[in-house]
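Presented below is the structure to which this report refers.
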Amino acid sequence: MTAPAAPAVPDGSAAPADVLSAVPAVRAVTLDADGIEVSGLLAEPEGVAPRAVIVAIHGRGMCAEYFNGLTDPADSLLALGARLGFSVLSLDRPGYGASARQIPEGQPLGEQATTLHAALADFALHHPTGAGFFVVAHSDGGKVTLHMAAQDAGSALIGLDINGCGWRYAPEARHFPDTLGGGASRLNWGPLNLYAPGTFRASRALLRPVPRREEIQTAVWPIQYPKLADRITSPVRLTFAEHELWWELDDAALASMTGRLTAAPLVTVERLPAAGHNISIGRAARTYHLRAVAFLEECLLRGRGTPTTI
């Protein structure tokens with residue numbers, strides 16, 4: 001017996017059962033960012049226009065596949081978002097993926113932000129974007145995302161959901177300028193039981209060389225952040241894993257960081273249990289991705305921070 005199609009909800013999108021039954025495909029895309037090729041992965045909801053676009057920005061020395069369920073498809077942010085009615089666009093940051101051929105030394109974080117805005121503008125020319133762009137970012141991708149939000153084009157972002165990116169480095173982390181090597185394994189991963197069997201072998205496929213112009217900016221992030229924070233007008237959610245070791249994360253440090261976000265209409269900080277720095281390839285990936293989408297739902301409900309009166 002064939003089940004009846006689920007009715008459309010008033011805004012024209014599919015009812016939840018229809019969205020959740022779809023099997024999203026993930027395909028490679030290339031965008032033109034003012035002459036720079038930006039590659040990535042795209043998953044779109046089946047048969048309906050997207051409610052918004054989740055833009056996923058990977059961390060240092062990684063790639064767009066970071067968000068695509070390394071050892072379990074259920075952990076994929078791309079698949080989850082598409083099933084819930086959103087397009088999900090996971091991008092290779094400038095200096096990674098296709099753009100590495102054109103800019104092998106990469107770009108500083110601020111230039112990466114400008115390039116990614118141009119890539120999103122190209123995406124919007126050829127794809128429906130619904131309510132707009134919402135960014136989910138990891139680690140150094142969070143730094144780029146905060147640069148994006150501080151730029152003029154960043155005022156249009158629905159919200160930012162950033163994990164593994166603080167303000168001031170923890171004392172132990174200051175000895176490791178290369179966040180993927182140099183003995184920094186404990187900082188990057190935390191306890192090994194936070195990851196499914198096969199994760200570390202599979203994660204080798206995600207690793208990419210860190211572009212030089214990005215690498216040299218690691219030390220100056222604590223100087224950059226205060227110059228960006230008060231220009232950010234989008235809602236911000238910061239998530240730190242229980243076993244996050246890169247950053248100073250005591251209450252005073254977090255209050256100092258969030259206190260700088262004076263123009264953001266909403267700022268929240270969450271701790272994620274049973275997770276290490278690389279949340280999206282650990283056992284807690286699905287939990288985090290669901291919470292990120294829930295924050296997107298909250299941002300949509302708030303109308304990008306505009307208070308609603310009843």
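FYI, nothing fancy with the structure tokens labels: chains A, B, ... in order, residues from 1 per chain, ligands from 1 as they appear.
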
- Would you please extract all strand (DSSP E) residues from segment 130-305 of chain A, as assigned by DSSP on the backbone, and give them as a list of chain:residue names?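 Strand (DSSP E) assignments inside segment 130-305 of chain A correspond to A:Phe133, A:Phe134, A:Val135, A:Val136, A:Ala137, A:His138, A:Gly159, A:Leu160, A:Asp161, A:Ile162, A:Asn163, A:Val236, A:Arg237, A:Leu238, A:Thr239, A:Phe240, A:Ala241, A:Val267, A:Thr268, A:Val269, A:Glu270, A:Arg271, A:Leu272.
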
Which residues of segment 143-169 of chain A come within 12 Å of segment 260-273 of chain A, and for each one, what is the closest pair of atoms and their distance in Å to one decimal, counting only C-alpha atoms, sorted by chain and residue number, as a tab-separated table?
residue	atom	partner	partner_atom	distance
A:Leu146	CA	A:Leu261	CA	10.5
A:Ala149	CA	A:Ala264	CA	10.1
A:Ala150	CA	A:Ala263	CA	10.3
A:Gly154	CA	A:Ala264	CA	11.8
A:Ser155	CA	A:Ala264	CA	10.1
A:Leu157	CA	A:Ala264	CA	11.5
A:Ile158	CA	A:Pro265	CA	11.2
A:Gly159	CA	A:Leu266	CA	9.2
A:Leu160	CA	A:Val267	CA	9.6
A:Asp161	CA	A:Thr268	CA	9.6
A:Ile162	CA	A:Val269	CA	9.7
A:Asn163	CA	A:Glu270	CA	9.3
A:Gly164	CA	A:Arg271	CA	10.4
A:Cys165	CA	A:Val269	CA	11.5
A:Gly166	CA	A:Val269	CA	10.8
A:Trp167	CA	A:Arg260	CA	10.5

Would you save the residues of that selection, restricted to N, CA, C and O atoms, as a PDB file, in the first residue's frame?
ATOM      1  N   LEU A 146      33.896  34.322  12.201  1.00  0.00           N
ATOM      2  CA  LEU A 146      33.773  35.575  12.946  1.00  0.00           C
ATOM      3  C   LEU A 146      34.252  36.750  12.095  1.00  0.00           C
ATOM      4  O   LEU A 146      33.672  37.840  12.154  1.00  0.00           O
ATOM      5  N   ALA A 149      31.354  37.442   9.747  1.00  0.00           N
ATOM      6  CA  ALA A 149      30.242  38.136  10.400  1.00  0.00           C
ATOM      7  C   ALA A 149      30.568  39.600  10.678  1.00  0.00           C
ATOM      8  O   ALA A 149      29.667  40.439  10.744  1.00  0.00           O
ATOM      9  N   ALA A 150      31.845  39.920  10.841  1.00  0.00           N
ATOM     10  CA  ALA A 150      32.248  41.295  11.134  1.00  0.00           C
ATOM     11  C   ALA A 150      32.306  42.173   9.889  1.00  0.00           C
ATOM     12  O   ALA A 150      32.329  43.401   9.997  1.00  0.00           O
ATOM     13  N   GLY A 154      28.439  40.320   6.291  1.00  0.00           N
ATOM     14  CA  GLY A 154      28.099  39.429   7.388  1.00  0.00           C
ATOM     15  C   GLY A 154      26.824  39.796   8.116  1.00  0.00           C
ATOM     16  O   GLY A 154      26.258  38.975   8.833  1.00  0.00           O
ATOM     17  N   SER A 155      26.349  41.018   7.947  1.00  0.00           N
ATOM     18  CA  SER A 155      25.118  41.427   8.631  1.00  0.00           C
ATOM     19  C   SER A 155      23.911  40.648   8.146  1.00  0.00           C
ATOM     20  O   SER A 155      22.874  40.623   8.806  1.00  0.00           O
ATOM     21  N   LEU A 157      23.886  37.367   7.669  1.00  0.00           N
ATOM     22  CA  LEU A 157      23.926  35.985   8.135  1.00  0.00           C
ATOM     23  C   LEU A 157      22.844  35.751   9.191  1.00  0.00           C
ATOM     24  O   LEU A 157      22.689  36.541  10.129  1.00  0.00           O
ATOM     25  N   ILE A 158      22.120  34.642   9.063  1.00  0.00           N
ATOM     26  CA  ILE A 158      21.041  34.322  10.003  1.00  0.00           C
ATOM     27  C   ILE A 158      21.592  34.107  11.401  1.00  0.00           C
ATOM     28  O   ILE A 158      21.010  34.527  12.401  1.00  0.00           O
ATOM     29  N   GLY A 159      22.732  33.445  11.488  1.00  0.00           N
ATOM     30  CA  GLY A 159      23.338  33.161  12.776  1.00  0.00           C
ATOM     31  C   GLY A 159      24.630  32.395  12.590  1.00  0.00           C
ATOM     32  O   GLY A 159      24.954  31.934  11.487  1.00  0.00           O
ATOM     33  N   LEU A 160      25.373  32.256  13.691  1.00  0.00           N
ATOM     34  CA  LEU A 160      26.662  31.562  13.680  1.00  0.00           C
ATOM     35  C   LEU A 160      26.644  30.512  14.771  1.00  0.00           C
ATOM     36  O   LEU A 160      26.304  30.799  15.928  1.00  0.00           O
ATOM     37  N   ASP A 161      27.003  29.285  14.425  1.00  0.00           N
ATOM     38  CA  ASP A 161      27.141  28.211  15.403  1.00  0.00           C
ATOM     39  C   ASP A 161      28.567  27.697  15.307  1.00  0.00           C
ATOM     40  O   ASP A 161      28.934  27.017  14.351  1.00  0.00           O
ATOM     41  N   ILE A 162      29.378  28.049  16.280  1.00  0.00           N
ATOM     42  CA  ILE A 162      30.826  27.828  16.208  1.00  0.00           C
ATOM     43  C   ILE A 162      31.255  26.902  17.332  1.00  0.00           C
ATOM     44  O   ILE A 162      30.878  27.106  18.493  1.00  0.00           O
ATOM     45  N   ASN A 163      32.042  25.888  16.992  1.00  0.00           N
ATOM     46  CA  ASN A 163      32.563  24.997  18.033  1.00  0.00           C
ATOM     47  C   ASN A 163      34.078  24.938  17.980  1.00  0.00           C
ATOM     48  O   ASN A 163      34.693  25.064  16.913  1.00  0.00           O
ATOM     49  N   GLY A 164      34.688  24.778  19.141  1.00  0.00           N
ATOM     50  CA  GLY A 164      36.140  24.611  19.221  1.00  0.00           C
ATOM     51  C   GLY A 164      36.929  25.854  18.898  1.00  0.00           C
ATOM     52  O   GLY A 164      38.092  25.758  18.507  1.00  0.00           O
ATOM     53  N   CYS A 165      36.347  27.037  19.087  1.00  0.00           N
ATOM     54  CA  CYS A 165      37.059  28.289  18.797  1.00  0.00           C
ATOM     55  C   CYS A 165      36.835  29.265  19.944  1.00  0.00           C
ATOM     56  O   CYS A 165      35.721  29.775  20.126  1.00  0.00           O
ATOM     57  N   GLY A 166      37.884  29.501  20.712  1.00  0.00           N
ATOM     58  CA  GLY A 166      37.817  30.464  21.800  1.00  0.00           C
ATOM     59  C   GLY A 166      38.555  31.738  21.467  1.00  0.00           C
ATOM     60  O   GLY A 166      38.748  32.080  20.294  1.00  0.00           O
ATOM     61  N   TRP A 167      38.971  32.433  22.494  1.00  0.00           N
ATOM     62  CA  TRP A 167      39.680  33.705  22.295  1.00  0.00           C
ATOM     63  C   TRP A 167      41.163  33.544  22.617  1.00  0.00           C
ATOM     64  O   TRP A 167      42.016  33.681  21.753  1.00  0.00           O
TER      65      TRP A 167
END

- Which residues, written as a ChimeraX atom specification, have at least one atom at most 10 Å from Val144 of chain A, with only C-alpha atoms counted and residues fewer than 6 positions away on the same chain left out? /A:57-59,93,108-114,116,137-138,150

May I have the residues from that selection written out with N, CA and C atoms, as a PDB file, in the first residue's frame?
ATOM      1  N   ILE A  57      31.911  25.264   7.681  1.00  0.00           N
ATOM      2  CA  ILE A  57      33.282  25.746   7.465  1.00  0.00           C
ATOM      3  C   ILE A  57      34.242  24.926   8.330  1.00  0.00           C
ATOM      4  N   HIS A  58      35.118  24.176   7.679  1.00  0.00           N
ATOM      5  CA  HIS A  58      36.025  23.269   8.388  1.00  0.00           C
ATOM      6  C   HIS A  58      37.172  24.014   9.064  1.00  0.00           C
ATOM      7  N   GLY A  59      37.892  23.278   9.912  1.00  0.00           N
ATOM      8  CA  GLY A  59      39.013  23.837  10.649  1.00  0.00           C
ATOM      9  C   GLY A  59      40.333  23.715   9.925  1.00  0.00           C
ATOM     10  N   ARG A  93      37.815  25.775   2.538  1.00  0.00           N
ATOM     11  CA  ARG A  93      38.231  27.165   2.714  1.00  0.00           C
ATOM     12  C   ARG A  93      39.304  27.561   1.695  1.00  0.00           C
ATOM     13  N   PRO A 108      45.153  35.071   4.397  1.00  0.00           N
ATOM     14  CA  PRO A 108      44.894  35.368   5.810  1.00  0.00           C
ATOM     15  C   PRO A 108      43.404  35.198   6.114  1.00  0.00           C
ATOM     16  N   LEU A 109      43.062  35.108   7.375  1.00  0.00           N
ATOM     17  CA  LEU A 109      41.691  34.803   7.760  1.00  0.00           C
ATOM     18  C   LEU A 109      40.687  35.816   7.224  1.00  0.00           C
ATOM     19  N   GLY A 110      41.014  37.099   7.289  1.00  0.00           N
ATOM     20  CA  GLY A 110      40.099  38.125   6.795  1.00  0.00           C
ATOM     21  C   GLY A 110      39.870  38.030   5.302  1.00  0.00           C
ATOM     22  N   GLU A 111      40.920  37.729   4.550  1.00  0.00           N
ATOM     23  CA  GLU A 111      40.764  37.557   3.105  1.00  0.00           C
ATOM     24  C   GLU A 111      39.944  36.303   2.799  1.00  0.00           C
ATOM     25  N   GLN A 112      40.138  35.251   3.589  1.00  0.00           N
ATOM     26  CA  GLN A 112      39.313  34.057   3.405  1.00  0.00           C
ATOM     27  C   GLN A 112      37.835  34.406   3.574  1.00  0.00           C
ATOM     28  N   ALA A 113      37.527  35.226   4.568  1.00  0.00           N
ATOM     29  CA  ALA A 113      36.141  35.625   4.809  1.00  0.00           C
ATOM     30  C   ALA A 113      35.560  36.342   3.597  1.00  0.00           C
ATOM     31  N   THR A 114      36.329  37.251   3.018  1.00  0.00           N
ATOM     32  CA  THR A 114      35.870  37.984   1.831  1.00  0.00           C
ATOM     33  C   THR A 114      35.637  37.033   0.667  1.00  0.00           C
ATOM     34  N   LEU A 116      34.929  33.820   0.839  1.00  0.00           N
ATOM     35  CA  LEU A 116      33.762  32.977   1.096  1.00  0.00           C
ATOM     36  C   LEU A 116      32.458  33.741   0.899  1.00  0.00           C
ATOM     37  N   ALA A 137      30.630  26.249  12.064  1.00  0.00           N
ATOM     38  CA  ALA A 137      32.072  26.276  11.829  1.00  0.00           C
ATOM     39  C   ALA A 137      32.833  25.615  12.965  1.00  0.00           C
ATOM     40  N   HIS A 138      33.982  25.053  12.608  1.00  0.00           N
ATOM     41  CA  HIS A 138      34.829  24.355  13.569  1.00  0.00           C
ATOM     42  C   HIS A 138      36.199  25.007  13.664  1.00  0.00           C
ATOM     43  N   ALA A 150      31.845  39.920  10.841  1.00  0.00           N
ATOM     44  CA  ALA A 150      32.248  41.295  11.134  1.00  0.00           C
ATOM     45  C   ALA A 150      32.306  42.173   9.889  1.00  0.00           C
TER      46      ALA A 150
END

Give me the residues of segment 246-307 of chain A that have any atom at most 12 Å from an atom of segment 207-222 of chain A; for each, the nearest atom pair and the distance in Å, rounded to one decimal. Use only C-alpha atoms, sort by chain and number, and format it as CSV.
residue,atom,partner,partner_atom,distance
A:Trp247,CA,A:Pro222,CA,10.7
A:Glu248,CA,A:Pro222,CA,11.3
A:Met257,CA,A:Pro222,CA,10.3

If you keep all heavy atoms, can you produce a file of those selected residues as a PDB file, in the first residue's frame?
ATOM      1  N   TRP A 247      41.805  26.079  24.493  1.00  0.00           N
ATOM      2  CA  TRP A 247      41.450  27.437  24.884  1.00  0.00           C
ATOM      3  C   TRP A 247      41.314  27.594  26.389  1.00  0.00           C
ATOM      4  O   TRP A 247      41.013  26.635  27.104  1.00  0.00           O
ATOM      5  CB  TRP A 247      40.116  27.834  24.227  1.00  0.00           C
ATOM      6  CG  TRP A 247      40.127  27.649  22.751  1.00  0.00           C
ATOM      7  CD1 TRP A 247      39.622  26.587  22.042  1.00  0.00           C
ATOM      8  CD2 TRP A 247      40.731  28.521  21.797  1.00  0.00           C
ATOM      9  NE1 TRP A 247      39.858  26.765  20.698  1.00  0.00           N
ATOM     10  CE2 TRP A 247      40.537  27.935  20.508  1.00  0.00           C
ATOM     11  CE3 TRP A 247      41.386  29.750  21.875  1.00  0.00           C
ATOM     12  CZ2 TRP A 247      40.985  28.536  19.343  1.00  0.00           C
ATOM     13  CZ3 TRP A 247      41.840  30.350  20.715  1.00  0.00           C
ATOM     14  CH2 TRP A 247      41.644  29.742  19.471  1.00  0.00           C
ATOM     15  N   GLU A 248      41.496  28.826  26.863  1.00  0.00           N
ATOM     16  CA  GLU A 248      41.126  29.168  28.226  1.00  0.00           C
ATOM     17  C   GLU A 248      39.601  29.198  28.300  1.00  0.00           C
ATOM     18  O   GLU A 248      38.960  29.983  27.600  1.00  0.00           O
ATOM     19  CB  GLU A 248      41.694  30.530  28.616  1.00  0.00           C
ATOM     20  CG  GLU A 248      43.201  30.554  28.722  1.00  0.00           C
ATOM     21  CD  GLU A 248      43.719  31.914  29.179  1.00  0.00           C
ATOM     22  OE1 GLU A 248      42.891  32.832  29.385  1.00  0.00           O
ATOM     23  OE2 GLU A 248      44.946  32.064  29.321  1.00  0.00           O
ATOM     24  N   MET A 257      35.097  36.759  26.717  1.00  0.00           N
ATOM     25  CA  MET A 257      34.915  36.561  25.279  1.00  0.00           C
ATOM     26  C   MET A 257      33.514  36.982  24.840  1.00  0.00           C
ATOM     27  O   MET A 257      33.352  37.753  23.897  1.00  0.00           O
ATOM     28  CB  MET A 257      35.158  35.101  24.911  1.00  0.00           C
ATOM     29  CG  MET A 257      35.018  34.831  23.420  1.00  0.00           C
ATOM     30  SD  MET A 257      35.356  33.101  22.987  1.00  0.00           S
ATOM     31  CE  MET A 257      35.218  33.211  21.184  1.00  0.00           C
TER      32      MET A 257
END

- Message: Need the shell around Ala285 of chain A: protein/DNA/RNA residues with any atom at most 10 Å away, counting only C-alpha atoms. Skip same-chain ones fewer than 5 positions apart. Format as a ChimeraX atom specification?
- Response: /A:67,69-70,72,74-77,195,275,278-280,290-291

- Message: Just the number, please: distance in Å from atom CA of Leu84 of chain A to atom CA of Ser234 of chain A, one decimal.
- Response: 22.2 Å
